[in-house]
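K.L.:
Sharing work.cif, mmCIF, C-alpha atoms and all ligand atoms:
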data_data
loop_
_atom_site.group_PDB
_atom_site.id
_atom_site.type_symbol
_atom_site.label_atom_id
_atom_site.label_comp_id
_atom_site.auth_asym_id
_atom_site.auth_seq_id
_atom_site.Cartn_x
_atom_site.Cartn_y
_atom_site.Cartn_z
ATOM 1 C CA MET A 11 0.000 0.000 0.000
ATOM 2 C CA ASP A 12 1.328 3.402 -0.963
ATOM 3 C CA PRO A 13 0.929 5.574 2.136
ATOM 4 C CA LYS A 14 0.722 8.783 0.130
ATOM 5 C CA ASN A 15 -2.139 7.820 -2.129
ATOM 6 C CA GLY A 16 -3.754 5.031 -0.213
ATOM 7 C CA SER A 17 -4.255 1.952 -2.361
ATOM 8 C CA LEU A 18 -5.876 2.729 -5.663
ATOM 9 C CA VAL A 19 -8.826 0.553 -6.428
ATOM 10 C CA THR A 20 -8.872 -1.227 -9.790
ATOM 11 C CA GLU A 21 -11.965 -3.290 -9.261
ATOM 12 C CA PHE A 22 -15.141 -3.185 -7.233
ATOM 13 C CA ILE A 23 -16.755 -6.014 -5.344
ATOM 14 C CA LEU A 24 -20.497 -6.372 -5.800
ATOM 15 C CA LEU A 25 -22.067 -7.979 -2.775
ATOM 16 C CA GLY A 26 -25.010 -9.212 -4.818
ATOM 17 C CA PHE A 27 -27.578 -11.388 -3.118
ATOM 18 C CA SER A 28 -26.560 -12.842 0.145
ATOM 19 C CA GLY A 29 -27.935 -16.126 1.289
ATOM 20 C CA ARG A 30 -27.436 -19.816 0.919
ATOM 21 C CA TRP A 31 -26.398 -21.394 -2.363
ATOM 22 C CA GLU A 32 -29.870 -22.916 -2.884
ATOM 23 C CA LEU A 33 -31.264 -19.399 -2.927
ATOM 24 C CA GLN A 34 -28.572 -18.246 -5.347
ATOM 25 C CA ILE A 35 -29.433 -21.124 -7.695
ATOM 26 C CA PHE A 36 -33.096 -20.222 -7.427
ATOM 27 C CA PHE A 37 -32.325 -16.597 -8.361
ATOM 28 C CA PHE A 38 -30.060 -17.794 -11.154
ATOM 29 C CA VAL A 39 -32.779 -19.907 -12.745
ATOM 30 C CA THR A 40 -35.524 -17.312 -12.226
ATOM 31 C CA PHE A 41 -33.574 -14.357 -13.583
ATOM 32 C CA SER A 42 -32.245 -16.383 -16.518
ATOM 33 C CA LEU A 43 -35.799 -17.307 -17.481
ATOM 34 C CA ILE A 44 -37.013 -13.719 -17.091
ATOM 35 C CA TYR A 45 -34.099 -12.347 -19.107
ATOM 36 C CA GLY A 46 -34.656 -14.938 -21.844
ATOM 37 C CA ALA A 47 -38.337 -14.034 -21.973
ATOM 38 C CA THR A 48 -37.443 -10.323 -22.131
ATOM 39 C CA VAL A 49 -35.187 -10.830 -25.143
ATOM 40 C CA VAL A 50 -37.641 -13.122 -26.940
ATOM 41 C CA GLY A 51 -40.727 -11.026 -26.123
ATOM 42 C CA ASN A 52 -39.247 -7.690 -27.105
ATOM 43 C CA THR A 53 -37.664 -9.096 -30.274
ATOM 44 C CA LEU A 54 -41.043 -10.550 -31.211
ATOM 45 C CA ILE A 55 -42.659 -7.122 -30.792
ATOM 46 C CA MET A 56 -39.972 -5.415 -32.903
ATOM 47 C CA VAL A 57 -40.236 -8.012 -35.688
ATOM 48 C CA THR A 58 -44.041 -7.891 -35.655
ATOM 49 C CA VAL A 59 -44.097 -4.085 -35.857
ATOM 50 C CA MET A 60 -41.593 -4.062 -38.713
ATOM 51 C CA PHE A 61 -43.240 -6.767 -40.834
ATOM 52 C CA SER A 62 -46.953 -6.237 -40.235
ATOM 53 C CA PRO A 63 -48.640 -3.764 -42.596
ATOM 54 C CA THR A 64 -51.523 -3.387 -40.096
ATOM 55 C CA LEU A 65 -49.134 -2.040 -37.490
ATOM 56 C CA HIS A 66 -47.598 0.710 -39.603
ATOM 57 C CA SER A 67 -48.818 3.532 -37.410
ATOM 58 C CA PRO A 68 -46.884 5.918 -35.164
ATOM 59 C CA MET A 69 -47.968 4.235 -31.932
ATOM 60 C CA TYR A 70 -46.568 0.866 -32.999
ATOM 61 C CA PHE A 71 -43.340 2.355 -34.315
ATOM 62 C CA LEU A 72 -42.842 3.942 -30.918
ATOM 63 C CA LEU A 73 -43.781 0.683 -29.222
ATOM 64 C CA GLY A 74 -41.175 -1.160 -31.328
ATOM 65 C CA ASN A 75 -38.592 1.380 -30.291
ATOM 66 C CA LEU A 76 -39.610 1.071 -26.644
ATOM 67 C CA SER A 77 -39.087 -2.684 -26.868
ATOM 68 C CA PHE A 78 -35.644 -2.128 -28.271
ATOM 69 C CA LEU A 79 -34.706 0.220 -25.433
ATOM 70 C CA ASP A 80 -36.142 -2.173 -22.851
ATOM 71 C CA MET A 81 -33.984 -4.953 -24.203
ATOM 72 C CA CYS A 82 -30.868 -2.779 -24.151
ATOM 73 C CA LEU A 83 -31.572 -1.549 -20.626
ATOM 74 C CA SER A 84 -31.959 -5.077 -19.344
ATOM 75 C CA THR A 85 -28.834 -6.240 -21.195
ATOM 76 C CA ALA A 86 -26.723 -3.528 -19.554
ATOM 77 C CA THR A 87 -27.151 -5.123 -16.130
ATOM 78 C CA THR A 88 -28.865 -8.511 -16.106
ATOM 79 C CA PRO A 89 -26.364 -10.876 -17.828
ATOM 80 C CA LYS A 90 -23.537 -9.734 -15.542
ATOM 81 C CA MET A 91 -25.814 -10.071 -12.522
ATOM 82 C CA ILE A 92 -26.857 -13.583 -13.544
ATOM 83 C CA THR A 93 -23.299 -14.833 -14.052
ATOM 84 C CA ASP A 94 -22.288 -13.276 -10.739
ATOM 85 C CA LEU A 95 -24.826 -15.462 -8.988
ATOM 86 C CA LEU A 96 -22.777 -18.519 -9.857
ATOM 87 C CA SER A 97 -19.315 -17.133 -9.208
ATOM 88 C CA GLU A 98 -17.434 -16.858 -5.957
ATOM 89 C CA GLN A 99 -15.669 -13.634 -6.963
ATOM 90 C CA LYS A 100 -18.325 -11.048 -7.747
ATOM 91 C CA THR A 101 -15.968 -8.375 -9.010
ATOM 92 C CA ILE A 102 -16.235 -5.757 -11.719
ATOM 93 C CA SER A 103 -13.396 -3.607 -13.024
ATOM 94 C CA VAL A 104 -13.641 0.137 -12.491
ATOM 95 C CA TRP A 105 -14.054 0.609 -16.243
ATOM 96 C CA GLY A 106 -16.677 -2.118 -16.471
ATOM 97 C CA CYS A 107 -18.519 -0.370 -13.705
ATOM 98 C CA MET A 108 -18.319 2.993 -15.500
ATOM 99 C CA ALA A 109 -19.534 1.395 -18.737
ATOM 100 C CA GLN A 110 -22.456 -0.221 -16.936
ATOM 101 C CA MET A 111 -23.566 3.107 -15.448
ATOM 102 C CA PHE A 112 -23.085 4.879 -18.770
ATOM 103 C CA PHE A 113 -25.315 2.453 -20.657
ATOM 104 C CA MET A 114 -27.930 2.207 -17.926
ATOM 105 C CA HIS A 115 -28.462 5.952 -17.873
ATOM 106 C CA PHE A 116 -28.135 6.214 -21.642
ATOM 107 C CA PHE A 117 -30.934 3.729 -22.342
ATOM 108 C CA GLY A 118 -32.897 4.840 -19.282
ATOM 109 C CA GLY A 119 -32.824 8.492 -20.332
ATOM 110 C CA ALA A 120 -33.827 7.592 -23.881
ATOM 111 C CA GLU A 121 -36.694 5.449 -22.589
ATOM 112 C CA MET A 122 -37.900 8.251 -20.348
ATOM 113 C CA THR A 123 -38.053 10.592 -23.352
ATOM 114 C CA LEU A 124 -39.738 7.976 -25.509
ATOM 115 C CA LEU A 125 -42.471 7.500 -22.902
ATOM 116 C CA LEU A 126 -43.140 11.259 -23.068
ATOM 117 C CA VAL A 127 -43.294 11.054 -26.867
ATOM 118 C CA MET A 128 -45.755 8.163 -26.576
ATOM 119 C CA ALA A 129 -47.983 10.284 -24.342
ATOM 120 C CA PHE A 130 -47.864 13.071 -26.925
ATOM 121 C CA ASP A 131 -48.769 10.532 -29.619
ATOM 122 C CA ARG A 132 -51.822 9.397 -27.635
ATOM 123 C CA TYR A 133 -52.807 13.019 -27.066
ATOM 124 C CA ALA A 134 -52.681 13.724 -30.809
ATOM 125 C CA ALA A 135 -54.537 10.516 -31.685
ATOM 126 C CA ILE A 136 -57.333 10.927 -29.150
ATOM 127 C CA CYS A 137 -57.736 14.685 -28.862
ATOM 128 C CA LYS A 138 -56.923 15.713 -32.448
ATOM 129 C CA PRO A 139 -58.033 12.660 -34.454
ATOM 130 C CA LEU A 140 -58.633 14.587 -37.706
ATOM 131 C CA HIS A 141 -55.132 16.012 -37.765
ATOM 132 C CA TYR A 142 -53.367 12.987 -36.287
ATOM 133 C CA ARG A 143 -51.727 11.797 -39.496
ATOM 134 C CA THR A 144 -50.479 15.267 -40.411
ATOM 135 C CA ILE A 145 -49.207 15.970 -36.894
ATOM 136 C CA MET A 146 -47.385 12.660 -36.468
ATOM 137 C CA SER A 147 -45.639 12.748 -39.835
ATOM 138 C CA HIS A 148 -42.793 10.371 -40.588
ATOM 139 C CA ARG A 149 -40.362 13.224 -40.268
ATOM 140 C CA LEU A 150 -41.582 14.200 -36.817
ATOM 141 C CA LEU A 151 -41.626 10.572 -35.712
ATOM 142 C CA ASN A 152 -38.033 10.007 -36.836
ATOM 143 C CA GLY A 153 -37.107 13.286 -35.189
ATOM 144 C CA PHE A 154 -38.652 12.177 -31.905
ATOM 145 C CA VAL A 155 -36.821 8.862 -31.946
ATOM 146 C CA ILE A 156 -33.486 10.565 -32.657
ATOM 147 C CA LEU A 157 -34.253 13.156 -29.979
ATOM 148 C CA SER A 158 -34.788 10.451 -27.381
ATOM 149 C CA TRP A 159 -31.326 9.010 -28.132
ATOM 150 C CA ILE A 160 -29.770 12.463 -27.928
ATOM 151 C CA ILE A 161 -31.414 13.224 -24.594
ATOM 152 C CA GLY A 162 -30.341 9.830 -23.242
ATOM 153 C CA PHE A 163 -26.785 10.618 -24.308
ATOM 154 C CA ILE A 164 -26.761 14.085 -22.745
ATOM 155 C CA HIS A 165 -28.337 12.725 -19.567
ATOM 156 C CA THR A 166 -25.732 10.020 -19.103
ATOM 157 C CA MET A 167 -22.730 12.105 -20.212
ATOM 158 C CA SER A 168 -23.548 14.973 -17.872
ATOM 159 C CA GLN A 169 -23.242 12.593 -14.934
ATOM 160 C CA MET A 170 -20.460 10.382 -16.244
ATOM 161 C CA VAL A 171 -17.943 13.151 -17.062
ATOM 162 C CA LEU A 172 -18.024 14.046 -13.386
ATOM 163 C CA THR A 173 -17.802 10.428 -12.272
ATOM 164 C CA VAL A 174 -15.112 8.769 -14.441
ATOM 165 C CA ASN A 175 -12.284 10.791 -12.985
ATOM 166 C CA LEU A 176 -13.154 10.247 -9.337
ATOM 167 C CA PRO A 177 -10.310 8.640 -7.399
ATOM 168 C CA PHE A 178 -11.191 5.413 -5.651
ATOM 169 C CA CYS A 179 -9.031 4.153 -2.854
ATOM 170 C CA ASP A 180 -9.439 1.731 0.051
ATOM 171 C CA HIS A 181 -13.182 1.271 -0.244
ATOM 172 C CA ASN A 182 -14.425 -0.900 -3.070
ATOM 173 C CA VAL A 183 -17.426 -2.839 -1.802
ATOM 174 C CA ILE A 184 -20.764 -2.049 -3.445
ATOM 175 C CA ASN A 185 -23.765 -3.412 -1.612
ATOM 176 C CA SER A 186 -25.863 -3.992 -4.716
ATOM 177 C CA ILE A 187 -26.260 -6.276 -7.708
ATOM 178 C CA PHE A 188 -24.802 -3.833 -10.235
ATOM 179 C CA CYS A 189 -22.988 -0.512 -10.345
ATOM 180 C CA ASP A 190 -25.144 2.533 -9.985
ATOM 181 C CA LEU A 191 -24.259 6.182 -9.518
ATOM 182 C CA PRO A 192 -25.461 6.876 -5.960
ATOM 183 C CA LEU A 193 -23.524 3.914 -4.578
ATOM 184 C CA VAL A 194 -20.335 4.280 -6.610
ATOM 185 C CA ILE A 195 -19.976 8.008 -5.963
ATOM 186 C CA LYS A 196 -20.063 7.394 -2.215
ATOM 187 C CA LEU A 197 -16.951 5.181 -2.494
ATOM 188 C CA ALA A 198 -14.724 7.912 -3.922
ATOM 189 C CA CYS A 199 -12.026 9.205 -1.613
ATOM 190 C CA VAL A 200 -12.847 12.855 -2.176
ATOM 191 C CA GLU A 201 -15.732 14.979 -1.009
ATOM 192 C CA THR A 202 -18.664 14.202 -3.323
ATOM 193 C CA TYR A 203 -21.548 16.029 -1.724
ATOM 194 C CA ALA A 204 -22.031 18.394 -4.685
ATOM 195 C CA LEU A 205 -21.888 15.524 -7.157
ATOM 196 C CA GLU A 206 -24.442 13.576 -5.154
ATOM 197 C CA LEU A 207 -26.784 16.547 -5.265
ATOM 198 C CA PHE A 208 -26.218 16.806 -9.006
ATOM 199 C CA VAL A 209 -27.173 13.155 -9.499
ATOM 200 C CA ILE A 210 -30.308 13.673 -7.448
ATOM 201 C CA ALA A 211 -31.242 16.578 -9.698
ATOM 202 C CA ASP A 212 -30.227 14.887 -12.936
ATOM 203 C CA SER A 213 -31.695 11.434 -12.329
ATOM 204 C CA GLY A 214 -34.092 11.820 -9.448
ATOM 205 C CA LEU A 215 -35.737 15.130 -10.150
ATOM 206 C CA LEU A 216 -35.789 14.449 -13.876
ATOM 207 C CA SER A 217 -37.665 11.184 -13.425
ATOM 208 C CA PHE A 218 -39.989 12.806 -10.939
ATOM 209 C CA ILE A 219 -40.803 15.705 -13.282
ATOM 210 C CA CYS A 220 -41.254 13.378 -16.257
ATOM 211 C CA PHE A 221 -43.569 11.200 -14.212
ATOM 212 C CA ILE A 222 -45.714 14.170 -13.159
ATOM 213 C CA LEU A 223 -45.785 15.468 -16.754
ATOM 214 C CA LEU A 224 -46.938 12.083 -17.963
ATOM 215 C CA LEU A 225 -49.675 11.797 -15.361
ATOM 216 C CA VAL A 226 -50.874 15.306 -16.212
ATOM 217 C CA SER A 227 -50.926 14.590 -19.942
ATOM 218 C CA TYR A 228 -52.868 11.348 -19.462
ATOM 219 C CA THR A 229 -55.334 13.205 -17.233
ATOM 220 C CA VAL A 230 -55.789 15.904 -19.883
ATOM 221 C CA ILE A 231 -56.451 13.220 -22.473
ATOM 222 C CA LEU A 232 -59.054 11.494 -20.302
ATOM 223 C CA ILE A 233 -60.828 14.765 -19.483
ATOM 224 C CA THR A 234 -60.933 15.707 -23.171
ATOM 225 C CA VAL A 235 -62.364 12.331 -24.106
ATOM 226 C CA GLN A 236 -64.967 12.521 -21.395
ATOM 227 C CA GLN A 237 -66.147 15.933 -22.585
ATOM 228 C CA LYS A 238 -66.404 14.752 -26.173
ATOM 229 C CA SER A 239 -68.310 11.524 -25.778
ATOM 230 C CA LEU A 240 -69.041 8.924 -23.179
ATOM 231 C CA GLY A 241 -68.569 5.972 -25.519
ATOM 232 C CA GLY A 242 -65.004 6.984 -26.255
ATOM 233 C CA LEU A 243 -64.016 6.988 -22.613
ATOM 234 C CA SER A 244 -63.930 3.252 -22.056
ATOM 235 C CA LYS A 245 -61.944 2.703 -25.244
ATOM 236 C CA ALA A 246 -59.458 5.413 -24.343
ATOM 237 C CA LEU A 247 -59.219 4.074 -20.809
ATOM 238 C CA SER A 248 -58.277 0.611 -22.018
ATOM 239 C CA THR A 249 -55.449 1.974 -24.213
ATOM 240 C CA LEU A 250 -54.270 4.491 -21.686
ATOM 241 C CA SER A 251 -54.328 2.203 -18.682
ATOM 242 C CA ALA A 252 -51.617 0.093 -20.354
ATOM 243 C CA HIS A 253 -49.515 3.190 -20.887
ATOM 244 C CA ILE A 254 -50.083 4.454 -17.352
ATOM 245 C CA LEU A 255 -49.156 1.060 -15.926
ATOM 246 C CA VAL A 256 -45.888 0.966 -17.904
ATOM 247 C CA VAL A 257 -45.047 4.520 -16.909
ATOM 248 C CA THR A 258 -45.660 3.823 -13.224
ATOM 249 C CA LEU A 259 -43.608 0.634 -13.279
ATOM 250 C CA PHE A 260 -40.729 2.419 -14.940
ATOM 251 C CA PHE A 261 -40.681 5.628 -12.952
ATOM 252 C CA GLY A 262 -41.712 4.313 -9.546
ATOM 253 C CA PRO A 263 -38.398 2.530 -8.779
ATOM 254 C CA CYS A 264 -36.343 5.296 -10.457
ATOM 255 C CA ILE A 265 -37.859 7.943 -8.228
ATOM 256 C CA PHE A 266 -37.347 5.861 -5.109
ATOM 257 C CA ILE A 267 -33.723 5.083 -5.965
ATOM 258 C CA TYR A 268 -32.490 8.477 -7.131
ATOM 259 C CA ALA A 269 -34.679 11.045 -5.455
ATOM 260 C CA TRP A 270 -34.277 9.854 -1.853
ATOM 261 C CA PRO A 271 -30.499 9.706 -1.610
ATOM 262 C CA PHE A 272 -30.286 10.013 2.142
ATOM 263 C CA SER A 273 -32.176 6.832 2.737
ATOM 264 C CA ASN A 274 -30.562 3.577 1.741
ATOM 265 C CA LEU A 275 -33.105 2.767 -0.949
ATOM 266 C CA ALA A 276 -30.323 2.980 -3.535
ATOM 267 C CA SER A 277 -28.978 -0.328 -2.283
ATOM 268 C CA ASN A 278 -32.414 -1.870 -2.095
ATOM 269 C CA LYS A 279 -32.010 -4.970 -4.234
ATOM 270 C CA THR A 280 -35.699 -5.584 -4.761
ATOM 271 C CA LEU A 281 -36.094 -2.163 -6.351
ATOM 272 C CA ALA A 282 -32.970 -2.740 -8.430
ATOM 273 C CA VAL A 283 -34.274 -6.083 -9.680
ATOM 274 C CA PHE A 284 -37.605 -4.516 -10.415
ATOM 275 C CA TYR A 285 -36.515 -1.828 -12.796
ATOM 276 C CA THR A 286 -33.755 -3.676 -14.598
ATOM 277 C CA VAL A 287 -35.100 -7.233 -14.742
ATOM 278 C CA ILE A 288 -38.857 -7.220 -14.278
ATOM 279 C CA THR A 289 -40.037 -3.967 -15.904
ATOM 280 C CA PRO A 290 -38.406 -4.634 -19.305
ATOM 281 C CA LEU A 291 -40.350 -7.904 -19.481
ATOM 282 C CA LEU A 292 -43.595 -6.486 -18.119
ATOM 283 C CA ASN A 293 -43.671 -3.772 -20.789
ATOM 284 C CA SER A 294 -43.833 -6.342 -23.544
ATOM 285 C CA VAL A 295 -46.311 -8.484 -21.620
ATOM 286 C CA ILE A 296 -48.612 -5.534 -20.930
ATOM 287 C CA TYR A 297 -48.604 -4.384 -24.528
ATOM 288 C CA THR A 298 -49.049 -7.767 -26.153
ATOM 289 C CA LEU A 299 -51.349 -9.570 -23.772
ATOM 290 C CA ARG A 300 -53.740 -6.634 -23.668
ATOM 291 C CA ASN A 301 -53.511 -5.595 -27.297
ATOM 292 C CA LYS A 302 -55.776 -7.510 -29.702
ATOM 293 C CA LYS A 303 -54.285 -5.870 -32.781
ATOM 294 C CA MET A 304 -50.750 -6.843 -31.794
ATOM 295 C CA GLN A 305 -51.856 -10.418 -31.064
ATOM 296 C CA GLY A 306 -53.639 -10.632 -34.417
ATOM 297 C CA ALA A 307 -50.566 -9.394 -36.266
ATOM 298 C CA MET A 308 -48.322 -11.869 -34.421
ATOM 299 C CA ARG A 309 -50.621 -14.775 -35.250
ATOM 300 C CA LYS A 310 -50.733 -13.741 -38.895
ATOM 301 C CA LEU A 311 -46.963 -13.480 -39.163
ATOM 302 C CA TRP A 312 -46.591 -16.839 -37.465
ATOM 303 C CA PHE A 313 -48.952 -18.602 -39.865
ATOM 304 C CA GLN A 314 -47.392 -16.957 -42.909
ATOM 305 C CA HIS A 315 -44.034 -18.192 -41.734
ATOM 306 C CA VAL A 316 -45.278 -21.686 -40.953
ATOM 307 C CA SER A 317 -47.141 -22.052 -44.240
ATOM 308 C CA SER A 318 -44.167 -20.876 -46.273
ATOM 309 C CA ALA A 319 -41.729 -23.129 -44.418
HETATM 310 C C1 LIG B 1 -38.385 3.087 -34.455
HETATM 311 O O1 LIG B 1 -38.817 4.311 -34.967
HETATM 312 C C2 LIG B 1 -38.388 4.565 -36.298
HETATM 313 C C3 LIG B 1 -38.757 5.976 -36.645
HETATM 314 O O2 LIG B 1 -40.113 6.197 -36.602
HETATM 315 C C4 LIG B 1 -38.987 3.538 -37.232
HETATM 316 O O3 LIG B 1 -38.609 3.772 -38.558
HETATM 317 C C5 LIG B 1 -38.514 2.168 -36.792
HETATM 318 O O4 LIG B 1 -39.112 1.170 -37.566
HETATM 319 C C6 LIG B 1 -38.854 1.944 -35.321
HETATM 320 N N1 LIG B 1 -38.241 0.690 -34.883
HETATM 321 C C7 LIG B 1 -38.945 -0.370 -34.503
HETATM 322 C C8 LIG B 1 -38.171 -1.539 -34.073
HETATM 323 O O5 LIG B 1 -40.145 -0.372 -34.498
#
Would it be possible to restate this file's structure as structure tokens?

P.N.:
Amino acid sequence: MDPKNGSLVTEFILLGFSGRWELQIFFFVTFSLIYGATVVGNTLIMVTVMFSPTLHSPMYFLLGNLSFLDMCLSTATTPKMITDLLSEQKTISVWGCMAQMFFMHFFGGAEMTLLLVMAFDRYAAICKPLHYRTIMSHRLLNGFVILSWIIGFIHTMSQMVLTVNLPFCDHNVINSIFCDLPLVIKLACVETYALELFVIADSGLLSFICFILLLVSYTVILITVQQKSLGGLSKALSTLSAHILVVTLFFGPCIFIYAWPFSNLASNKTLAVFYTVITPLLNSVIYTLRNKKMQGAMRKLWFQHVSSA
């Protein structure tokens, strides 16, 4: 150990799930199955949207893109977490850790923006039905998708430029299943209070504001529908309830993890599992199991494939 600098840390230790090996095996099998289902389910949605003429509308394009982001978000954390369950040494290099946080916030930020775009799409479709096609032109739609990637990139870079150069010495144990900003920042051997506040604002406040914006926009849509006709309300409710459910599942854990930094929710493993493992699967389940049009398109594609094979 160098007494002047302390010992520089080159890798972190993730505590992961504690417990007996039977429990670890159980988690291994469960999370592997969930991750497999996430990849298969979301790929199925993307393929169906791309190859079904009946689904060539803005909402389904956005849904296809959401599936893609969900898959990426899950892939940034879950495979590493699953393999860690079987290994004695649950370590991750400092750079691996930085990469994991970069991608998590990159895809997370993009998904947050895409969910806002999807709310706008529903607003245009339900409240301005006559102008829907002209409002949601292909150009605007492509612009929105690109914008969501750009915002994801800005969101992650703004936090990562301040994090990658932090010195880490002596402390390298992370009590979680993957690297995340609130926990990693605390390990640095410099004063990080300002940076912690910045992360709360950038990740916590941002998700909180987005969540409120989304709830407000869905409320506006429902009020508009109710004023126009009563028959439309139940139809709008059935579409919107899926969206509201997805939004709540996505933002709920994010708000708890990033906006309450002084509690130890950031190392709450149930919350962590929820938004990186479970939510990406639930999104596809919610949209396909509840959506007759999507199911019809999937069946059609399946039979076309089977009959041509
Ligand atoms: C994502 O959105 C773009 C732009 O609208 C669209 O062209 C593309 O097909 C979408 N991707 C998927 C997988 O649906």

K.L.:
Just so the selection is clear, what residues does the PyMOL selection byres (((chain A and resi 121) around 8) and not hetatm) cover here, as an MDAnalysis selection string?

P.N.:
chainID A and resid 76 79:80 117:120 122:125 158 162

K.L.:
Taking only C-alpha atoms and all ligand atoms into account, which residues are within 12 Å of ligand LIG 1 (chain B), as a PyMOL selection string?

P.N.:
chain A and resi 52-63+65-81+124+127-128+131+146-159

K.L.:
Write the residues of the selection above to a file with C-alpha atoms, as an mmCIF file, in the frame of the given file.

P.N.:
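out05.cif was written with the following content:
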data_model
loop_
_atom_site.group_PDB
_atom_site.id
_atom_site.type_symbol
_atom_site.label_atom_id
_atom_site.label_comp_id
_atom_site.auth_asym_id
_atom_site.auth_seq_id
_atom_site.Cartn_x
_atom_site.Cartn_y
_atom_site.Cartn_z
ATOM 1 C CA ASN A 52 -39.247 -7.690 -27.105
ATOM 2 C CA THR A 53 -37.664 -9.096 -30.274
ATOM 3 C CA LEU A 54 -41.043 -10.550 -31.211
ATOM 4 C CA ILE A 55 -42.659 -7.122 -30.792
ATOM 5 C CA MET A 56 -39.972 -5.415 -32.903
ATOM 6 C CA VAL A 57 -40.236 -8.012 -35.688
ATOM 7 C CA THR A 58 -44.041 -7.891 -35.655
ATOM 8 C CA VAL A 59 -44.097 -4.085 -35.857
ATOM 9 C CA MET A 60 -41.593 -4.062 -38.713
ATOM 10 C CA PHE A 61 -43.240 -6.767 -40.834
ATOM 11 C CA SER A 62 -46.953 -6.237 -40.235
ATOM 12 C CA PRO A 63 -48.640 -3.764 -42.596
ATOM 13 C CA LEU A 65 -49.134 -2.040 -37.490
ATOM 14 C CA HIS A 66 -47.598 0.710 -39.603
ATOM 15 C CA SER A 67 -48.818 3.532 -37.410
ATOM 16 C CA PRO A 68 -46.884 5.918 -35.164
ATOM 17 C CA MET A 69 -47.968 4.235 -31.932
ATOM 18 C CA TYR A 70 -46.568 0.866 -32.999
ATOM 19 C CA PHE A 71 -43.340 2.355 -34.315
ATOM 20 C CA LEU A 72 -42.842 3.942 -30.918
ATOM 21 C CA LEU A 73 -43.781 0.683 -29.222
ATOM 22 C CA GLY A 74 -41.175 -1.160 -31.328
ATOM 23 C CA ASN A 75 -38.592 1.380 -30.291
ATOM 24 C CA LEU A 76 -39.610 1.071 -26.644
ATOM 25 C CA SER A 77 -39.087 -2.684 -26.868
ATOM 26 C CA PHE A 78 -35.644 -2.128 -28.271
ATOM 27 C CA LEU A 79 -34.706 0.220 -25.433
ATOM 28 C CA ASP A 80 -36.142 -2.173 -22.851
ATOM 29 C CA MET A 81 -33.984 -4.953 -24.203
ATOM 30 C CA LEU A 124 -39.738 7.976 -25.509
ATOM 31 C CA VAL A 127 -43.294 11.054 -26.867
ATOM 32 C CA MET A 128 -45.755 8.163 -26.576
ATOM 33 C CA ASP A 131 -48.769 10.532 -29.619
ATOM 34 C CA MET A 146 -47.385 12.660 -36.468
ATOM 35 C CA SER A 147 -45.639 12.748 -39.835
ATOM 36 C CA HIS A 148 -42.793 10.371 -40.588
ATOM 37 C CA ARG A 149 -40.362 13.224 -40.268
ATOM 38 C CA LEU A 150 -41.582 14.200 -36.817
ATOM 39 C CA LEU A 151 -41.626 10.572 -35.712
ATOM 40 C CA ASN A 152 -38.033 10.007 -36.836
ATOM 41 C CA GLY A 153 -37.107 13.286 -35.189
ATOM 42 C CA PHE A 154 -38.652 12.177 -31.905
ATOM 43 C CA VAL A 155 -36.821 8.862 -31.946
ATOM 44 C CA ILE A 156 -33.486 10.565 -32.657
ATOM 45 C CA LEU A 157 -34.253 13.156 -29.979
ATOM 46 C CA SER A 158 -34.788 10.451 -27.381
ATOM 47 C CA TRP A 159 -31.326 9.010 -28.132
#

K.L.:
Which neighbours of A:Val287 fall inside 12 Å, counting all atoms listed in the file, when residues of the same chain fewer than 6 positions from it are skipped, and could you give them as a ChimeraX atom specification?

P.N.:
/A:37,40-49,80-92,187-188,259-260,263,279-281,293

K.L.:
Just C-alpha atoms for this one: save the residues we selected as a short mmCIF file (atom, residue, chain, number, x, y, z; two decimals), keeping the file's coordinate frame.

P.N.:
data_model
loop_
_atom_site.label_atom_id
_atom_site.label_comp_id
_atom_site.auth_asym_id
_atom_site.auth_seq_id
_atom_site.Cartn_x
_atom_site.Cartn_y
_atom_site.Cartn_z
CA PHE A 37 -32.33 -16.60 -8.36
CA THR A 40 -35.52 -17.31 -12.23
CA PHE A 41 -33.57 -14.36 -13.58
CA SER A 42 -32.24 -16.38 -16.52
CA LEU A 43 -35.80 -17.31 -17.48
CA ILE A 44 -37.01 -13.72 -17.09
CA TYR A 45 -34.10 -12.35 -19.11
CA GLY A 46 -34.66 -14.94 -21.84
CA ALA A 47 -38.34 -14.03 -21.97
CA THR A 48 -37.44 -10.32 -22.13
CA VAL A 49 -35.19 -10.83 -25.14
CA ASP A 80 -36.14 -2.17 -22.85
CA MET A 81 -33.98 -4.95 -24.20
CA CYS A 82 -30.87 -2.78 -24.15
CA LEU A 83 -31.57 -1.55 -20.63
CA SER A 84 -31.96 -5.08 -19.34
CA THR A 85 -28.83 -6.24 -21.20
CA ALA A 86 -26.72 -3.53 -19.55
CA THR A 87 -27.15 -5.12 -16.13
CA THR A 88 -28.86 -8.51 -16.11
CA PRO A 89 -26.36 -10.88 -17.83
CA LYS A 90 -23.54 -9.73 -15.54
CA MET A 91 -25.81 -10.07 -12.52
CA ILE A 92 -26.86 -13.58 -13.54
CA ILE A 187 -26.26 -6.28 -7.71
CA PHE A 188 -24.80 -3.83 -10.24
CA LEU A 259 -43.61 0.63 -13.28
CA PHE A 260 -40.73 2.42 -14.94
CA PRO A 263 -38.40 2.53 -8.78
CA LYS A 279 -32.01 -4.97 -4.23
CA THR A 280 -35.70 -5.58 -4.76
CA LEU A 281 -36.09 -2.16 -6.35
CA ASN A 293 -43.67 -3.77 -20.79
#

K.L.:
Closest to A:Leu232 among A:Arg309, A:Val171, A:Tyr133, A:Val316, using all atoms listed in the file?

P.N.:
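Checking each candidate against A:Leu232, we get A:Tyr133 as the closest.
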
K.L.:
To verify the selection step, state as a list of chain:residue names which residues the PyMOL selection byres (((chain A and resi 180) around 8) and not hetatm) yields on this input.

P.N.:
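Written out, the selection comes to A:Gly16, A:Ser17, A:Leu18, A:Val19, A:Phe178, A:Cys179, A:His181, A:Asn182.
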